[in-house]
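Student: Dropping in entry20.cif, which is mmCIF, C-alpha atoms:
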data_model
#
loop_
_atom_site.label_atom_id
_atom_site.label_comp_id
_atom_site.auth_asym_id
_atom_site.auth_seq_id
_atom_site.Cartn_x
_atom_site.Cartn_y
_atom_site.Cartn_z
CA MET A 1 135.53 65.41 -2.46
CA LEU A 2 135.73 68.10 -5.12
CA CYS A 3 137.26 70.65 -2.76
CA ASP A 4 139.68 68.09 -1.35
CA ALA A 5 140.81 67.10 -4.86
CA VAL A 6 141.33 70.69 -6.01
CA PHE A 7 142.77 72.14 -2.81
CA GLN A 8 145.43 69.43 -2.35
CA SER A 9 147.59 71.00 -5.04
CA GLY A 10 150.24 73.18 -3.44
CA LEU A 11 148.84 73.06 0.09
CA ARG A 12 149.81 71.09 3.20
CA CYS A 13 147.13 68.45 3.40
CA GLU A 14 146.62 67.97 7.13
CA ALA A 15 147.30 71.54 8.20
CA VAL A 16 145.31 73.35 5.53
CA VAL A 17 143.14 71.15 3.32
CA ARG A 18 141.58 68.86 5.95
CA LEU A 19 140.76 71.82 8.19
CA ARG A 20 138.95 73.58 5.35
CA ILE A 21 137.06 70.42 4.40
CA VAL A 22 135.85 70.04 8.01
CA VAL A 23 134.69 73.68 7.98
CA LEU A 24 132.87 73.15 4.68
CA GLN A 25 131.17 69.95 5.84
CA ALA A 26 129.90 71.76 8.94
CA ALA A 27 128.72 74.80 6.97
CA TRP A 28 127.19 72.86 4.06
CA PRO A 29 126.03 69.50 5.51
CA ASP A 30 123.62 69.00 2.60
CA SER A 31 126.31 69.22 -0.07
CA HIS A 32 127.62 65.65 -0.09
CA ALA A 33 126.28 65.08 -3.63
CA VAL A 34 126.97 67.23 -6.69
CA THR A 35 123.35 68.48 -6.86
CA GLY A 36 123.40 69.67 -3.25
CA PHE A 37 126.86 71.17 -3.65
CA ARG A 38 125.80 73.09 -6.77
CA ALA A 39 122.69 74.35 -4.98
CA ARG A 40 124.93 75.80 -2.26
CA LEU A 41 127.30 77.27 -4.84
CA ALA A 42 124.32 79.06 -6.40
CA THR A 43 123.45 80.83 -3.14
CA GLU A 44 126.73 81.13 -1.22
CA ASP A 45 130.33 81.94 -2.08
CA LEU A 46 132.67 79.00 -1.54
CA GLY A 47 135.69 81.25 -1.09
CA THR A 48 133.92 83.20 1.65
CA VAL A 49 132.79 80.05 3.50
CA LEU A 50 136.35 78.72 3.45
CA ARG A 51 137.96 82.12 4.02
CA LEU A 52 140.08 81.88 0.90
CA ALA A 53 141.83 85.00 -0.36
CA ASN A 54 142.27 83.70 -3.89
CA ALA A 55 139.28 82.93 -6.12
CA ARG A 56 141.18 80.55 -8.43
CA LYS A 57 140.59 77.29 -6.54
CA PRO A 58 136.91 77.95 -5.75
CA ALA A 59 136.44 78.66 -9.48
CA MET A 60 138.09 75.32 -10.30
CA VAL A 61 135.82 73.51 -7.84
CA THR A 62 132.77 75.19 -9.39
CA ALA A 63 133.88 74.25 -12.92
CA LEU A 64 134.52 70.67 -11.81
CA ALA A 65 131.03 70.47 -10.24
CA GLU A 66 129.51 71.82 -13.46
CA HIS A 67 131.41 69.26 -15.55
CA LEU A 68 130.20 66.40 -13.36
CA ALA A 69 126.63 67.71 -13.39
CA LEU A 70 126.66 67.82 -17.20
CA ALA A 71 127.87 64.21 -17.16
CA GLU A 72 125.03 63.37 -14.73
CA VAL A 73 127.47 62.28 -12.03
CA ASP A 74 126.00 63.03 -8.61
CA THR A 75 127.25 60.61 -5.96
CA ARG A 76 130.57 59.21 -4.79
CA ASP A 77 129.62 55.73 -6.02
CA HIS A 78 128.60 57.04 -9.43
CA LEU A 79 131.83 59.05 -9.66
CA ARG A 80 133.93 55.99 -8.80
CA ALA A 81 132.26 53.97 -11.58
CA TRP A 82 132.33 56.89 -14.04
CA LEU A 83 136.08 57.37 -13.53
CA GLU A 84 136.72 53.81 -14.73
CA GLU A 85 136.35 55.15 -18.28
CA GLU A 86 139.58 56.73 -19.55
CA ALA A 87 137.56 59.12 -21.74
CA HIS A 88 135.86 60.50 -18.63
CA ARG A 89 139.18 60.87 -16.81
CA SER A 90 140.65 62.69 -19.82
CA GLY A 91 137.56 64.85 -20.10
CA LEU A 92 138.02 66.11 -16.55
CA CYS A 93 141.42 67.44 -17.59
CA ALA A 94 139.56 69.85 -19.89
CA VAL A 95 138.45 71.72 -16.75
CA HIS A 96 140.86 74.64 -16.36
CA GLY A 97 143.47 73.83 -13.71
CA VAL A 98 142.59 70.13 -13.43
CA GLY A 99 145.36 67.74 -14.40
CA ALA A 100 146.06 64.04 -14.16
CA LYS A 101 147.12 64.23 -10.50
CA THR A 102 143.88 65.97 -9.50
CA VAL A 103 141.85 63.39 -11.44
CA ASP A 104 143.77 60.55 -9.77
CA HIS A 105 143.33 62.11 -6.33
CA LEU A 106 139.60 62.57 -6.98
CA GLY A 107 139.43 58.90 -7.97
CA SER A 108 141.11 57.89 -4.71
CA LEU A 109 138.64 60.00 -2.76
CA ALA A 110 135.81 58.28 -4.63
CA GLY A 111 137.15 54.87 -3.65
CA ARG A 112 139.23 53.89 -6.67
CA SER A 113 142.51 52.17 -5.94
CA GLY A 114 145.21 54.16 -7.65
CA VAL A 115 148.22 56.39 -7.26
CA ALA A 116 148.24 60.18 -7.51
CA VAL A 117 151.89 61.01 -8.11
CA ASP A 118 152.91 64.04 -6.08
CA VAL A 119 156.26 65.69 -5.42
CA HIS A 120 157.01 63.25 -2.59
CA LEU A 121 156.49 60.21 -4.83
CA ARG A 122 158.64 61.83 -7.52
CA VAL A 123 161.49 62.43 -5.04
CA PHE A 124 161.21 58.88 -3.70
CA ALA A 125 161.31 57.41 -7.22
CA ARG A 126 164.30 59.53 -8.16
CA GLY A 127 166.10 58.41 -4.99
CA ALA A 128 165.33 54.79 -5.85
CA GLY A 129 166.91 55.19 -9.27
CA VAL A 130 163.69 55.28 -11.29
CA GLU A 131 164.51 57.27 -14.41
CA VAL A 132 160.92 57.78 -15.57
CA THR A 133 159.71 61.36 -15.04
CA GLU A 134 156.50 61.62 -17.11
CA TYR A 135 153.42 61.53 -14.86
CA ALA A 136 151.53 58.62 -16.46
CA GLN A 137 154.64 56.46 -16.70
CA LEU A 138 155.63 57.15 -13.10
CA ARG A 139 152.08 56.35 -11.94
CA GLU A 140 152.30 53.08 -13.86
CA VAL A 141 155.63 52.23 -12.17
CA TYR A 142 154.06 52.71 -8.74
CA GLU A 143 150.90 50.80 -9.66
CA GLN A 144 152.88 47.89 -11.10
CA ALA A 145 155.05 47.81 -7.97
CA ALA A 146 151.94 47.66 -5.78
CA ASP A 147 150.42 44.91 -7.92
CA HIS A 148 153.68 42.94 -7.89
CA LEU A 149 153.92 43.21 -4.09
CA GLY A 150 150.24 42.36 -3.63
CA HIS A 151 149.47 45.74 -2.04
CA ASP A 152 146.60 48.12 -2.62
CA ARG A 153 147.78 50.81 -5.02
CA GLY A 154 146.52 53.66 -2.87
CA GLY A 155 147.98 52.01 0.21
CA LEU A 156 151.41 51.89 -1.40
CA GLU A 157 151.12 55.56 -2.30
CA HIS A 158 150.47 56.45 1.34
CA ALA A 159 153.18 54.10 2.62
CA VAL A 160 155.79 55.91 0.56
#
Write the structure described by the file as C-alpha cells, please.

Tutor:
Amino acid sequence: MLCDAVFQSGLRCEAVVRLRIVVLQAAWPDSHAVTGFRARLATEDLGTVLRLANARKPAMVTALAEHLALAEVDTRDHLRAWLEEEAHRSGLCAVHGVGAKTVDHLGSLAGRSGVAVDVHLRVFARGAGVEVTEYAQLREVYEQAADHLGHDRGGLEHAV
C-alpha cells in the first residue's frame, strides 16, 4: 500500500504503478505489514528491486513506513482505523513529499471510503462549472455529491 500511495503521483497507474507493485509483492511476499516491509528495507534497496532510477520516491516510502512504525501502525486494518483521526492524517503530511492526495489515496487503499482528488477530477469539476479549486474543498464537493446520490465516495471517484 505504501508504494502504491507514493508512486501514484505523476505516474500512469495501470502501466507503471501496478506493474511495480506486482513485482514488489513477488519479490517481498513477507512485507504486507509495516514491520515486514521495514525488515526488507533494512536489508534490500527498494529502488533496486523496483528498478527505479530516481531515489526520491523510495525515500518517501521509507519515511512513510518509519512514520507509521513510530505510530505503531502495522496492518491495513489498523491503518484504516488510524486514518479516521484527522490529527493522524495531518501528521502524515509532515513526511517530506506526502500531501493530502497521497494521504487520501493511502486511506482508499486501506479500505476507507473517500476521494483522492487528482488532475482528472479537477478537470471534470472545472468542466462541470465547479469553481472550487482548493484540494480539501474540492474533495468535500465530490464527497457530498456521492453522499447525496447514495454512492460510495471512492466509487464515485473511479466513475468520474

Student: Which is closest to Arg76 (chain A) among A:Met1, A:Leu156, A:Ala26, A:Met60, if we use only C-alpha atoms?

Tutor: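 Among A:Met1, A:Leu156, A:Ala26, A:Met60, it is A:Met1 that comes nearest to Arg76 (chain A).
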
Student: Find, counting all atoms listed in the file, the residue in A:Ser113, A:Thr102, A:Ser108, A:Ser90 that gets nearest to Ala5 (chain A).

Tutor: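 Of A:Ser113, A:Thr102, A:Ser108, A:Ser90, the one nearest Ala5 (chain A) is A:Thr102, counting all atoms listed in the file.
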
Student: Near Asp118 (chain A), within 10 Å and counting only C-alpha atoms, which residues show up once chain neighbours fewer than 5 positions away are dropped, as a PDB file with C-alpha atoms, in the coordinates of the input?

Tutor:
ATOM      1  CA  GLN A   8     145.430  69.430  -2.350  1.00  0.00           C
ATOM      2  CA  SER A   9     147.590  71.000  -5.040  1.00  0.00           C
ATOM      3  CA  GLY A  10     150.240  73.180  -3.440  1.00  0.00           C
ATOM      4  CA  LYS A 101     147.120  64.230 -10.500  1.00  0.00           C
ATOM      5  CA  THR A 102     143.880  65.970  -9.500  1.00  0.00           C
ATOM      6  CA  HIS A 105     143.330  62.110  -6.330  1.00  0.00           C
ATOM      7  CA  VAL A 123     161.490  62.430  -5.040  1.00  0.00           C
ATOM      8  CA  TYR A 135     153.420  61.530 -14.860  1.00  0.00           C
ATOM      9  CA  ARG A 139     152.080  56.350 -11.940  1.00  0.00           C
ATOM     10  CA  GLU A 157     151.120  55.560  -2.300  1.00  0.00           C
TER      11      GLU A 157
END

Student: Can you give me, as a PDB file with C-alpha atoms, in the coordinates of the input, the residues this file yields under the PyMOL selection byres ((chain A and resi 141-145) around 9)?

Tutor:
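Wrote selection.pdb, looks like this:
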ATOM      1  CA  GLY A 114     145.210  54.160  -7.650  1.00  0.00           C
ATOM      2  CA  VAL A 115     148.220  56.390  -7.260  1.00  0.00           C
ATOM      3  CA  VAL A 117     151.890  61.010  -8.110  1.00  0.00           C
ATOM      4  CA  LEU A 121     156.490  60.210  -4.830  1.00  0.00           C
ATOM      5  CA  ALA A 125     161.310  57.410  -7.220  1.00  0.00           C
ATOM      6  CA  VAL A 130     163.690  55.280 -11.290  1.00  0.00           C
ATOM      7  CA  VAL A 132     160.920  57.780 -15.570  1.00  0.00           C
ATOM      8  CA  ALA A 136     151.530  58.620 -16.460  1.00  0.00           C
ATOM      9  CA  GLN A 137     154.640  56.460 -16.700  1.00  0.00           C
ATOM     10  CA  LEU A 138     155.630  57.150 -13.100  1.00  0.00           C
ATOM     11  CA  ARG A 139     152.080  56.350 -11.940  1.00  0.00           C
ATOM     12  CA  GLU A 140     152.300  53.080 -13.860  1.00  0.00           C
ATOM     13  CA  ALA A 146     151.940  47.660  -5.780  1.00  0.00           C
ATOM     14  CA  ASP A 147     150.420  44.910  -7.920  1.00  0.00           C
ATOM     15  CA  HIS A 148     153.680  42.940  -7.890  1.00  0.00           C
ATOM     16  CA  LEU A 149     153.920  43.210  -4.090  1.00  0.00           C
ATOM     17  CA  GLY A 150     150.240  42.360  -3.630  1.00  0.00           C
ATOM     18  CA  HIS A 151     149.470  45.740  -2.040  1.00  0.00           C
ATOM     19  CA  ASP A 152     146.600  48.120  -2.620  1.00  0.00           C
ATOM     20  CA  ARG A 153     147.780  50.810  -5.020  1.00  0.00           C
ATOM     21  CA  GLY A 154     146.520  53.660  -2.870  1.00  0.00           C
ATOM     22  CA  LEU A 156     151.410  51.890  -1.400  1.00  0.00           C
ATOM     23  CA  GLU A 157     151.120  55.560  -2.300  1.00  0.00           C
TER      24      GLU A 157
END

Student: If I take CA of Ala42 (chain A) and CA of Val17 (chain A), how far is one from the other in Å, to one decimal?

Tutor: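 The value is 22.6 Å.
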
Student: Run through the PyMOL selection byres ((chain A and resi 112) around 9) on the given coordinates and return the selected residues as a PyMOL selection string.

Tutor: chain A and resi 80-81+83-84+104+106-111+113-114+154

Student: What does the distance between CA of Val49 (chain A) and CA of His78 (chain A) come to in Å, to one decimal place?

Tutor: 26.7 Å

Student: From the list A:Val6, A:Ile21, A:Leu79, A:Val73, which residue is nearest Arg51 (chain A) when using only C-alpha atoms?

Tutor: A:Ile21

Student: Tell me which of A:Val160, A:Val98, A:Pro58, A:Gly155 sits closest to Gly127 (chain A), counting only C-alpha atoms.

Tutor: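 Between A:Val160, A:Val98, A:Pro58, A:Gly155, the residue approaching Gly127 (chain A) most closely is A:Val160.
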
Student: Give me the result of the PyMOL selection byres ((chain A and resi 31-41) around 8) on this file, residue by residue, as a count of residues only.

Tutor: 18

Student: Restricting the calculation to all atoms listed in the file: of A:Leu64, A:Leu2, A:Ala159, A:Leu70, which residue gets closest to Phe124 (chain A)?

Tutor: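 For Phe124 (chain A), the nearest of the given residues is A:Ala159.
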
Student: Expressed in Å to a single decimal, how great is the separation between CA of Arg18 (chain A) and CA of Asp77 (chain A)?

Tutor: 21.4 Å

Student: Just checking: using all atoms listed in the file, which residue out of A:His67, A:Arg126, A:Arg20, A:His158 ends up closest to Leu52 (chain A)?

Tutor: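 When distances to Leu52 (chain A) are compared using all atoms listed in the file, the smallest one comes from A:Arg20.
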